[in-house]
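Pasting final.csv here (CSV, C-alpha atoms and all ligand atoms):
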chain,number,residue,atom,x,y,z
A,64,MET,CA,117.9,47.7,95.8
A,65,THR,CA,119.0,45.2,93.2
A,66,ASN,CA,121.9,45.7,90.7
A,67,GLN,CA,123.8,48.2,92.7
A,68,PRO,CA,126.2,49.9,90.2
A,69,SER,CA,129.9,49.5,90.7
A,70,PHE,CA,132.4,52.3,90.3
A,71,GLU,CA,136.2,52.9,90.4
A,72,THR,CA,136.6,56.4,91.7
A,73,ILE,CA,133.6,56.6,94.0
A,74,ARG,CA,131.9,54.2,96.4
A,75,PHE,CA,128.1,53.9,96.2
A,76,ASP,CA,126.4,52.3,99.2
A,77,VAL,CA,122.7,52.1,99.8
A,78,ALA,CA,121.2,51.1,103.1
A,79,ASP,CA,117.8,51.8,104.7
A,80,GLY,CA,116.7,54.3,102.1
A,81,VAL,CA,120.0,56.3,102.2
A,82,ALA,CA,122.5,56.4,99.4
A,83,THR,CA,126.0,57.3,100.4
A,84,ILE,CA,128.3,58.5,97.6
A,85,THR,CA,132.0,58.6,98.8
A,86,LEU,CA,134.6,60.3,96.6
A,87,ASN,CA,137.3,57.8,96.8
A,88,ARG,CA,140.8,59.1,95.8
A,89,PRO,CA,141.9,59.8,99.4
A,90,ASP,CA,145.7,60.1,98.6
A,91,LYS,CA,144.8,63.1,96.3
A,92,LEU,CA,142.2,64.5,98.7
A,93,ASN,CA,139.5,63.2,96.4
A,94,ALA,CA,140.5,65.6,93.6
A,95,LEU,CA,138.0,65.3,90.8
A,96,THR,CA,138.9,63.6,87.5
A,97,THR,CA,136.7,63.3,84.4
A,98,SER,CA,136.0,59.7,85.2
A,99,MET,CA,134.9,60.7,88.7
A,100,SER,CA,132.5,63.3,87.4
A,101,LYS,CA,131.0,60.7,85.0
A,102,GLU,CA,130.6,58.2,87.9
A,103,LEU,CA,129.1,60.8,90.1
A,104,LEU,CA,126.6,61.7,87.5
A,105,ALA,CA,125.7,58.0,87.0
A,106,ALA,CA,125.3,57.6,90.8
A,107,LEU,CA,123.0,60.6,90.9
A,108,LYS,CA,120.9,59.2,88.1
A,109,THR,CA,120.5,56.0,90.1
A,110,CYS,CA,119.5,58.1,93.1
A,111,ALA,CA,116.8,59.8,91.0
A,112,SER,CA,115.4,56.6,89.4
A,113,GLU,CA,115.5,54.3,92.4
A,114,GLN,CA,112.4,54.9,94.5
A,115,THR,CA,113.7,53.2,97.6
A,116,ILE,CA,116.4,55.9,97.9
A,117,ARG,CA,115.0,58.8,99.9
A,118,CYS,CA,118.1,60.6,100.9
A,119,VAL,CA,121.6,61.1,99.5
A,120,VAL,CA,124.8,61.7,101.5
A,121,ILE,CA,128.0,62.9,99.7
A,122,THR,CA,131.3,62.7,101.5
A,123,GLY,CA,135.0,62.1,100.9
A,124,ALA,CA,137.2,59.1,101.9
A,125,GLY,CA,140.2,59.9,104.1
A,126,ARG,CA,141.1,63.4,105.4
A,127,GLY,CA,139.6,65.5,102.6
A,128,PHE,CA,136.1,66.1,101.2
A,129,SER,CA,137.4,67.1,97.7
A,130,ALA,CA,140.3,69.3,96.6
A,131,GLY,CA,138.5,70.2,93.3
A,132,GLN,CA,139.6,69.6,89.8
A,133,ASP,CA,142.6,67.2,89.6
A,134,LEU,CA,145.3,69.6,88.5
A,135,ALA,CA,147.5,66.7,87.3
A,136,GLU,CA,144.7,65.9,84.8
A,137,PHE,CA,145.1,69.4,83.4
A,138,GLY,CA,148.7,68.7,82.8
A,139,GLN,CA,147.9,65.6,80.7
A,140,VAL,CA,145.7,67.6,78.3
A,141,THR,CA,147.1,67.5,74.8
A,142,GLY,CA,145.8,69.2,71.6
A,143,LYS,CA,142.9,71.6,71.5
A,144,PHE,CA,141.3,71.9,74.9
A,145,SER,CA,138.3,74.1,75.9
A,146,VAL,CA,137.9,74.5,79.6
A,147,GLY,CA,134.4,75.9,78.9
A,148,ASP,CA,133.5,72.6,77.2
A,149,HIS,CA,135.1,70.6,80.0
A,150,LEU,CA,132.9,72.5,82.5
A,151,ARG,CA,129.8,72.2,80.3
A,152,HIS,CA,130.2,68.4,79.9
A,153,GLY,CA,131.3,67.8,83.5
A,154,TYR,CA,130.7,70.0,86.5
A,155,ASN,CA,127.8,71.9,85.0
A,156,ARG,CA,125.9,68.6,84.5
A,157,LEU,CA,126.8,67.4,87.9
A,158,ILE,CA,125.7,70.6,89.7
A,159,LEU,CA,122.4,70.7,87.8
A,160,ALA,CA,121.8,67.1,88.5
A,161,MET,CA,122.2,67.7,92.2
A,162,ARG,CA,119.8,70.6,92.2
A,163,ALA,CA,117.3,68.8,90.1
A,164,LEU,CA,117.3,65.6,92.3
A,165,GLU,CA,114.0,65.9,94.2
A,166,LYS,CA,115.5,64.2,97.3
A,167,PRO,CA,117.5,65.7,100.1
A,168,ILE,CA,121.3,65.8,99.6
A,169,ILE,CA,123.5,66.1,102.7
A,170,ALA,CA,127.1,67.1,102.2
A,171,LYS,CA,129.0,65.3,105.0
A,172,VAL,CA,132.1,67.6,104.9
A,173,ASN,CA,134.8,65.5,106.6
A,174,GLY,CA,137.8,67.7,105.5
A,175,VAL,CA,138.9,70.3,103.0
A,176,ALA,CA,136.5,71.3,100.2
A,177,ALA,CA,138.2,73.3,97.5
A,178,GLY,CA,137.4,74.6,94.0
A,179,ALA,CA,134.9,72.3,92.3
A,180,GLY,CA,134.8,70.2,95.5
A,181,LEU,CA,133.4,73.3,97.2
A,182,GLY,CA,131.0,73.5,94.3
A,183,LEU,CA,129.7,70.0,95.1
A,184,ALA,CA,129.3,70.8,98.8
A,185,LEU,CA,127.5,74.1,98.1
A,186,ALA,CA,125.1,72.4,95.6
A,187,ALA,CA,123.9,70.0,98.4
A,188,ASP,CA,120.8,70.9,100.4
A,189,LEU,CA,122.6,70.8,103.7
A,190,ARG,CA,126.2,70.8,104.9
A,191,ILE,CA,127.2,69.1,108.1
A,192,ALA,CA,130.9,69.7,108.8
A,193,SER,CA,133.4,68.1,111.0
A,194,GLU,CA,135.4,70.5,113.1
A,195,LYS,CA,138.3,69.4,110.9
A,196,ALA,CA,136.6,70.6,107.7
A,197,SER,CA,137.7,73.7,105.8
A,198,PHE,CA,136.6,75.6,102.8
A,199,VAL,CA,138.8,77.1,100.1
A,200,THR,CA,137.5,78.7,97.0
A,201,ALA,CA,140.9,77.9,95.4
A,202,PHE,CA,140.2,79.2,91.9
A,203,ILE,CA,142.1,82.4,92.3
A,204,GLY,CA,145.1,80.5,93.6
A,205,ILE,CA,145.6,79.2,90.0
A,206,GLY,CA,144.4,82.4,88.4
A,207,LEU,CA,140.9,81.2,87.6
A,208,ALA,CA,137.4,82.7,88.1
A,209,PRO,CA,134.8,80.6,90.0
A,210,ASP,CA,133.0,77.8,88.3
A,211,SER,CA,131.0,74.7,89.3
A,212,GLY,CA,128.2,77.0,90.6
A,213,VAL,CA,130.4,78.4,93.3
A,214,SER,CA,129.7,82.0,92.2
A,215,TRP,CA,125.9,81.4,92.3
A,216,HIS,CA,125.7,79.4,95.5
A,217,LEU,CA,128.3,81.2,97.6
A,218,GLN,CA,126.8,84.7,97.2
A,219,ARG,CA,123.3,83.4,97.9
A,220,LEU,CA,124.5,81.7,101.1
A,221,ILE,CA,126.8,84.3,102.5
A,222,GLY,CA,126.1,87.5,100.6
A,223,PRO,CA,128.0,89.2,97.7
A,224,ALA,CA,130.7,91.1,99.7
A,225,ARG,CA,131.7,88.0,101.7
A,226,ALA,CA,131.6,85.9,98.6
A,227,PHE,CA,133.9,88.3,96.8
A,228,GLU,CA,136.3,88.4,99.7
A,229,LEU,CA,136.6,84.6,99.7
A,230,LEU,CA,136.8,84.3,96.0
A,231,ALA,CA,139.3,87.1,95.5
A,232,SER,CA,141.6,86.0,98.4
A,233,GLY,CA,141.3,82.2,98.2
A,234,ARG,CA,141.8,82.1,102.0
A,235,LYS,CA,140.9,79.0,103.9
A,236,VAL,CA,137.7,79.2,106.0
A,237,ARG,CA,137.7,76.8,109.0
A,238,ALA,CA,134.6,75.0,110.2
A,239,GLU,CA,133.7,77.4,113.0
A,240,GLU,CA,133.9,80.5,110.7
A,241,ALA,CA,131.9,78.6,108.1
A,242,LEU,CA,129.1,78.1,110.6
A,243,THR,CA,129.2,81.8,111.5
A,244,LEU,CA,129.1,82.8,107.8
A,245,GLY,CA,126.1,80.5,107.2
A,246,LEU,CA,128.1,78.3,104.8
A,247,VAL,CA,127.3,75.1,106.8
A,248,ASN,CA,124.3,74.1,108.8
A,249,GLN,CA,126.1,72.4,111.7
A,250,VAL,CA,129.7,71.7,112.9
A,251,VAL,CA,130.3,68.6,115.0
A,252,SER,CA,133.4,66.9,116.3
A,253,ALA,CA,135.2,64.6,113.9
A,254,GLU,CA,134.2,61.6,116.0
A,255,ALA,CA,130.5,62.6,115.9
A,256,LEU,CA,130.2,63.3,112.2
A,257,ASP,CA,129.1,59.9,111.0
A,258,ALA,CA,126.5,59.4,113.7
A,259,THR,CA,125.1,63.0,113.3
A,260,VAL,CA,124.7,62.6,109.5
A,261,ALA,CA,123.4,59.0,109.8
A,262,ALA,CA,120.7,60.2,112.3
A,263,MET,CA,119.7,63.1,110.0
A,264,ALA,CA,119.7,61.0,106.8
A,265,GLY,CA,117.7,58.3,108.6
A,266,GLN,CA,115.0,60.9,109.4
A,267,PHE,CA,114.9,62.1,105.9
A,268,ALA,CA,114.6,58.6,104.6
A,269,GLN,CA,111.3,58.3,106.5
A,270,ALA,CA,110.1,61.8,105.7
A,271,PRO,CA,107.6,62.8,102.9
A,272,THR,CA,110.0,62.5,100.0
A,273,ARG,CA,107.7,64.0,97.4
A,274,GLY,CA,107.0,67.0,99.7
A,275,ILE,CA,110.8,67.5,100.2
A,276,GLY,CA,111.4,67.2,96.5
A,277,LEU,CA,108.7,69.8,95.7
A,278,THR,CA,110.2,72.1,98.4
A,279,LYS,CA,113.5,71.8,96.6
A,280,ARG,CA,111.8,72.6,93.3
A,281,VAL,CA,110.2,75.7,94.7
A,282,LEU,CA,113.4,77.0,96.3
A,283,ASN,CA,115.3,76.4,93.0
A,284,LYS,CA,112.7,78.2,91.0
A,285,VAL,CA,111.5,81.2,93.1
A,286,THR,CA,115.0,82.6,93.6
A,287,ALA,CA,114.8,84.3,90.2
A,288,MET,CA,111.1,85.4,90.5
A,289,PRO,CA,109.4,88.5,91.7
A,290,LEU,CA,107.1,87.9,94.7
A,291,ALA,CA,103.8,87.7,92.8
A,292,GLU,CA,105.2,85.1,90.5
A,293,ALA,CA,106.7,83.2,93.4
A,294,LEU,CA,103.3,83.1,95.1
A,295,GLU,CA,101.7,81.8,92.0
A,296,TYR,CA,104.4,79.1,91.6
A,297,GLU,CA,103.9,78.1,95.3
A,298,ALA,CA,100.2,77.7,94.6
A,299,GLN,CA,100.8,75.5,91.6
A,300,ILE,CA,103.3,73.3,93.5
A,301,GLN,CA,100.9,73.0,96.4
A,302,ASP,CA,98.3,71.6,94.0
A,303,ILE,CA,100.7,68.7,93.4
A,304,ALA,CA,101.8,68.3,97.0
A,305,ILE,CA,98.2,68.0,98.3
A,306,GLN,CA,97.6,65.0,96.1
A,307,THR,CA,100.5,62.9,97.6
A,308,ASP,CA,99.8,59.9,99.8
A,309,ASP,CA,102.1,61.5,102.4
A,310,HIS,CA,99.9,64.6,102.7
A,311,LYS,CA,96.9,62.4,103.3
A,312,GLU,CA,98.8,60.3,105.8
A,313,GLY,CA,100.1,63.4,107.6
A,314,VAL,CA,96.6,64.9,108.1
A,315,GLN,CA,95.1,61.5,109.1
A,316,ALA,CA,97.9,60.9,111.6
A,317,PHE,CA,97.4,64.3,113.1
A,318,PHE,CA,93.7,63.7,113.8
A,319,GLU,CA,94.4,60.1,115.0
A,320,LYS,CA,97.0,61.5,117.4
A,321,ARG,CA,99.7,59.1,116.2
A,322,PRO,CA,103.1,59.5,114.5
A,323,PRO,CA,102.7,59.5,110.7
A,324,GLN,CA,104.1,56.6,108.6
A,325,PHE,CA,105.3,58.4,105.5
A,326,THR,CA,106.0,56.2,102.4
A,327,GLY,CA,107.6,58.8,100.2
A,328,LYS,CA,104.8,58.7,97.8
A,401,LIG,O1,138.6,72.3,83.3
A,401,LIG,C1,137.9,72.6,84.3
A,401,LIG,O2,136.9,71.9,84.6
A,401,LIG,C2,138.3,73.7,85.3
A,401,LIG,C3,137.7,73.5,86.6
A,401,LIG,C4,138.3,73.9,87.7
A,401,LIG,C5,137.6,73.7,88.9
A,401,LIG,C6,138.5,73.7,90.1
A,401,LIG,O3,138.3,72.9,91.0
A,401,LIG,S1,139.8,74.8,90.1
A,401,LIG,C7,140.6,74.5,91.7
A,401,LIG,C8,141.4,73.3,91.8
A,401,LIG,N1,141.9,73.0,93.1
A,401,LIG,C9,142.9,73.6,93.7
A,401,LIG,O4,143.6,74.4,93.1
A,401,LIG,C10,143.3,73.1,95.1
A,401,LIG,C11,144.7,72.6,95.1
A,401,LIG,N2,145.0,72.0,96.4
A,401,LIG,C12,145.3,72.8,97.5
A,401,LIG,O5,145.4,74.0,97.4
A,401,LIG,C13,145.6,72.0,98.7
A,401,LIG,O6,145.9,70.7,98.4
A,401,LIG,C14,144.4,72.0,99.7
A,401,LIG,C15,144.3,73.4,100.3
A,401,LIG,C16,143.1,71.6,99.1
A,401,LIG,C17,144.8,71.0,100.9
A,401,LIG,O7,146.1,71.3,101.4
A,401,LIG,P1,146.8,70.2,102.3
A,401,LIG,O8,148.1,70.9,102.7
A,401,LIG,O9,145.9,69.8,103.3
A,401,LIG,O10,147.2,69.0,101.3
A,401,LIG,P2,148.3,68.9,100.2
A,401,LIG,O11,149.5,68.3,100.8
A,401,LIG,O12,148.4,70.1,99.4
A,401,LIG,O13,147.7,67.7,99.3
A,401,LIG,C18,147.7,66.3,99.6
A,401,LIG,C19,147.9,65.6,98.3
A,401,LIG,O14,146.8,65.8,97.4
A,401,LIG,C20,149.1,66.0,97.5
A,401,LIG,O15,149.6,64.9,96.8
A,401,LIG,P3,151.1,64.3,97.2
A,401,LIG,O16,152.0,65.4,97.0
A,401,LIG,O17,151.0,63.8,98.6
A,401,LIG,O18,151.2,63.2,96.2
A,401,LIG,C21,148.5,67.0,96.5
A,401,LIG,O19,149.4,67.2,95.4
A,401,LIG,C22,147.2,66.3,96.2
A,401,LIG,N3,146.3,67.3,95.7
A,401,LIG,C23,145.6,68.3,96.4
A,401,LIG,N4,144.8,69.0,95.6
A,401,LIG,C24,145.0,68.4,94.4
A,401,LIG,C25,145.9,67.4,94.4
A,401,LIG,N5,146.2,66.7,93.4
A,401,LIG,C26,145.6,67.0,92.2
A,401,LIG,N6,144.7,68.0,92.1
A,401,LIG,C27,144.4,68.8,93.2
A,401,LIG,N7,143.4,69.7,93.0
Show how you would write the structure in this file as structure tokens.
Ligand code: T3D
Amino acid sequence: MTNQPSFETIRFDVADGVATITLNRPDKLNALTTSMSKELLAALKTCASEQTIRCVVITGAGRGFSAGQDLAEFGQVTGKFSVGDHLRHGYNRLILAMRALEKPIIAKVNGVAAGAGLGLALAADLRIASEKASFVTAFIGIGLAPDSGVSWHLQRLIGPARAFELLASGRKVRAEEALTLGLVNQVVSAEALDATVAAMAGQFAQAPTRGIGLTKRVLNKVTAMPLAEALEYEAQIQDIAIQTDDHKEGVQAFFEKRPPQFTGK
């Protein structure tokens, strides 16, 4: 990839078809600022437009994944401030961009994910957690209701009663419990986290990217549909998927009894 964008609050690295976005304010547990949200959005746009990127990993520098909204930034607000507008122009765009990105996103959860940081982790397609990771809804701790898509994703992942309990108590969920609840896909030792995610991302970077993107599109859409509409939508999407190079390659490789060489097209 040429002209790799440079950022101040995140790191953006691309290698072998995998873009890694690292939230990079480790002394503040990667608490999210307005600049960081803007940079994250720009990085996601590059991930969408750059064809050589076929998988995205989001992680945090240091011991945290992200502690959510930077509360010090709240303190610096002067004049008329609408939190609703702050969300509309920031986290809402970010979460929608993650869901709309038709490439797999892995959240490599290295440490605590709280508030809007939890929102980012939940908006990813998969969560691989270190045994040192933890999950805190955090909103109620400062008297707020959930935002950043946490209300939407959390109850779909773990059910409404459990979601309510975590949102209303704000208690910390450690990695093993997160696995039991279905909040994360896998928990590994802190030492194994990088290698586990690299292996998974490497596989995605050689997978049928368009097929994965269309899978994501279907999952996003059918969640609000009755079965008959979902079946019709699946049929429409399959009309697109069947025209991809990777579909043709997959079928050909099957009959030739060889591993497929997917190009992502
Ligand atoms: O306008 C809008 O968009 C509203 C949107 C809101 C979305 C949200 O995200 S609301 C939720 C905001 N987040 C929180 O309330 C979490 C606050 N942090 C914590 O509760 C704890 O830090 C953690 C449970 C996440 C981790 O605890 P621990 O003990 O591991 O670390 P710590 O010692 O509390 O924090 C380490 C440092 O990070 C510390 O800085 P210092 O004292 O060493 O200079 C701490 O102040 C800083 N830090 C942690 N979280 C934040 C933060 N700084 C700013 N904002 C934070 N959210």
Counting all atoms listed in the file, name the residues that have an atom within 6 Å of an atom of ligand LIG 401 (chain A); the answer should be given as a ChimeraX atom specification. /A:90-92,94,130-135,146,149-150,175,177-179,201-202
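Nearest to Cys110 (chain A) of all the residues A:Thr122, A:Ser129, A:Gln67, A:Thr259 is A:Gln67, counting all atoms listed in the file.
The shortest atom-to-atom distance to Glu297 (chain A), with only C-alpha atoms taken into account, belongs to A:Arg280 out of A:Lys195, A:Arg225, A:His310, A:Arg280.
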Taking 6 positions as the minimum chain separation for residues in the same chain, which residues sit within 8 Å of region 192-194 of chain A when counting only C-alpha atoms? Answer as an mmCIF file with C-alpha atoms, in the frame of the given file.
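Just written: out.cif:
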data_model
loop_
_atom_site.group_PDB
_atom_site.id
_atom_site.type_symbol
_atom_site.label_atom_id
_atom_site.label_comp_id
_atom_site.auth_asym_id
_atom_site.auth_seq_id
_atom_site.Cartn_x
_atom_site.Cartn_y
_atom_site.Cartn_z
ATOM 1 C CA LYS A 171 129.000 65.300 105.000
ATOM 2 C CA VAL A 172 132.100 67.600 104.900
ATOM 3 C CA ASN A 173 134.800 65.500 106.600
ATOM 4 C CA GLY A 174 137.800 67.700 105.500
ATOM 5 C CA ARG A 237 137.700 76.800 109.000
ATOM 6 C CA ALA A 238 134.600 75.000 110.200
ATOM 7 C CA GLU A 239 133.700 77.400 113.000
ATOM 8 C CA VAL A 247 127.300 75.100 106.800
ATOM 9 C CA ASN A 248 124.300 74.100 108.800
ATOM 10 C CA GLN A 249 126.100 72.400 111.700
ATOM 11 C CA VAL A 250 129.700 71.700 112.900
ATOM 12 C CA VAL A 251 130.300 68.600 115.000
ATOM 13 C CA SER A 252 133.400 66.900 116.300
ATOM 14 C CA ALA A 253 135.200 64.600 113.900
ATOM 15 C CA ALA A 255 130.500 62.600 115.900
ATOM 16 C CA LEU A 256 130.200 63.300 112.200
#
Restricting to all atoms listed in the file, whichever of A:Met288, A:Thr96, A:Leu157, A:Ala186 is closest to Gln139 (chain A) is A:Thr96
Please tabulate, as CSV, the residues of region 232-290 of chain A that come within 9 Å of region 299-307 of chain A, each with its closest pair of atoms and the distance in Å to one decimal, counting all atoms listed in the file and ordering rows by chain, then residue number upward.
residue,atom,partner,partner_atom,distance
A:Pro271,CA,A:Thr307,CA,8.9
A:Arg273,CA,A:Thr307,CA,7.3
A:Gly274,CA,A:Ala304,CA,6.0
A:Leu277,CA,A:Ile300,CA,6.8
A:Thr278,CA,A:Ile300,CA,8.5
A:Arg280,CA,A:Ile300,CA,8.5
A:Val281,CA,A:Ile300,CA,7.4
**Message:** Applying 12 Å and all atoms listed in the file, which residues near Pro322 (chain A) remain after dropping the ones on its own chain fewer than 3 positions away? List them as number ranges by chain.
**Reply:** A: 269-270, 312-319, 325
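Take CA of Cys118 (chain A) and CA of Phe267 (chain A): the distance between them is 6.1 Å.
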Separating CA of Phe75 (chain A) from CA of Lys284 (chain A), to the nearest tenth of an Å, is a gap of 29.2 Å
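Relative to CA of Ile191 (chain A), CA of Gly204 (chain A) is found at 25.7 Å.
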